[in-house]
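*Asks:* Take this structure, written in structure tokens, and hold onto it; I'll ask about it next.
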Amino acid sequence: MRRIVALCLALFSLGAAPVAAQGLGERLFGSKSSCFARAYTADHLASHPLQQVTEITLRPDVAAMRMGGEVEAVMISVRRRADSETYFGSAYCDRTGAALTCYREGDAGSFKLTEAANGALRLEVGPNGMSFEGSADFVTLEANRGDDRVFLIPPAPCPF
């Protein structure tokens with residue numbers, strides 16, 4: 001009887017291994033079609049007058065995926081009320097418990113990603129904020145003020 005129980009437990013654990021072994025980064029950005037985007041409605045922006053961001057997107061960094069390795073690389077973009085420019089950047093993410101902590105290139109800040117309801121992502125701007133460079137200026141999302149600190153971003157079709 002003990003052998004049967006042990007065999008059942010072993011078989012069960014083998015069947016669960018691929019799902020358990022798959023990390024958050026692989027679940028969220030494991031394919032080229034794993035994208036997330038949100039365009040805020042006029043009503044939402046009217047009720048959040050301090051929010052600069054009108055659109056935010058996250059997608060896998062396809063070039064980094066081709067290189068392989070354990071690091072999850074993502075591309076992030078934002079648009080803001082002040083102009084029609086899209087500000088892009090990349091980030092490299094490390095798993096930290098049930099989250100991915102992503103670090104922007106250079107000194108451009110960081111953000112934390114966690115899973116939210118209905119397959120969405122919750123993006124929380126890091127303690128030192130997060131900056132983006134555009135063709136003519138910079139955009140900084142502050143960690144301690146304004147309405148650009150936390151974003152809920154649903155899954156969306158990838159643009160490629």
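Identifiers in the structure tokens: chain A, B, ... in order shown; residue index from 1 per chain; ligand index from 1 in order shown.
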Set the distance at 12 Å and use only C-alpha atoms: which residues neighbour Glu133 of chain A once local chain neighbours fewer than 4 positions away are removed? I'd like the list as an NGL selection string.

*Replies:* :A and (76-79 or 85-90 or 104-108 or 137-141)

*Asks:* So that I can check the surroundings of Pro49 of chain A, please list as a PyMOL selection string every protein, DNA and RNA residue that reaches within 10 Å of it, counting only C-alpha atoms and ignoring chain neighbours fewer than 4 positions away.

*Replies:* chain A and resi 44-45+146-147

*Asks:* Store the residues picked out above, limited to N, CA and C atoms, as a tab-separated table (two decimals), in the first residue's frame.

*Replies:*
chain	number	residue	atom	x	y	z
A	44	HIS	N	-11.97	58.11	-17.31
A	44	HIS	CA	-10.96	57.74	-16.31
A	44	HIS	C	-10.00	58.91	-16.08
A	45	LEU	N	-9.51	59.50	-17.16
A	45	LEU	CA	-8.55	60.60	-17.03
A	45	LEU	C	-9.19	61.82	-16.36
A	146	GLY	N	1.46	61.99	-7.55
A	146	GLY	CA	0.74	61.87	-8.81
A	146	GLY	C	-0.07	60.59	-8.89
A	147	ASP	N	-0.72	60.41	-10.02
A	147	ASP	CA	-1.54	59.22	-10.25
A	147	ASP	C	-0.90	58.25	-11.23

*Asks:* Could you state the separation of atom CA of Cys35 of chain A and atom CA of Val74 of chain A in Å, given to one decimal place?

*Replies:* 9.6 Å

*Asks:* Using only C-alpha atoms for the distances, tell me which of A:Pro60, A:Ala156, A:Pro127, A:Arg149 is nearest to Leu28 of chain A.

*Replies:*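 Distance minimum relative to Leu28 of chain A lands on A:Pro60.
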
*Asks:* Can you tell me how far atom CA of Val62 of chain A sits from atom CA of Asn118 of chain A, in Å to one decimal?

*Replies:*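 Atom CA of Val62 of chain A sits 24.3 Å away from atom CA of Asn118 of chain A.
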
*Asks:* Using only C-alpha atoms, which of the listed residues (A:Ala37, A:Ala82, A:Ala136, A:Ala143) sits closest to Gln52 of chain A?

*Replies:*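 Selected residue with least distance to Gln52 of chain A: A:Ala82.
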
*Asks:* Find the residue from A:Ala42, A:Ala98, A:Leu58, A:Met130 that sits nearest to Pro155 of chain A; use only C-alpha atoms when measuring.

*Replies:*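 Using only C-alpha atoms, the shortest distance to Pro155 of chain A belongs to A:Leu58.
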
*Asks:* Using DSSP on the backbone, list every residue of segment 18-129 of chain A that comes out as alpha helix (DSSP H), and give them as number ranges by chain.

*Replies:* A: 18-21, 24-29, 42-47, 62-67

*Asks:* In Å, rounded to a single decimal, give me how far atom CA of Val150 of chain A is from atom CA of Gln51 of chain A.

*Replies:*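 Atom-to-atom, atom CA of Gln51 of chain A to atom CA of Val150 of chain A, that is 10.4 Å.
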
*Asks:* With distances taken over only C-alpha atoms, which of A:Thr41, A:Ser34, A:Asn128, A:Ser84 is nearest to Tyr103 of chain A?

*Replies:*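 Closest candidate: A:Asn128.
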
*Asks:* Taking into account only C-alpha atoms, which residue in the set A:Arg27, A:Arg95, A:Arg38, A:Lys112 is nearest to Leu152 of chain A?

*Replies:*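 Closest candidate: A:Arg38.
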
*Asks:* Identify which of the residues A:Phe151, A:Ala117, A:Arg145, A:Phe36 lies closest to Val53 of chain A, counting only C-alpha atoms when measuring atom-to-atom distances.

*Replies:* A:Phe151
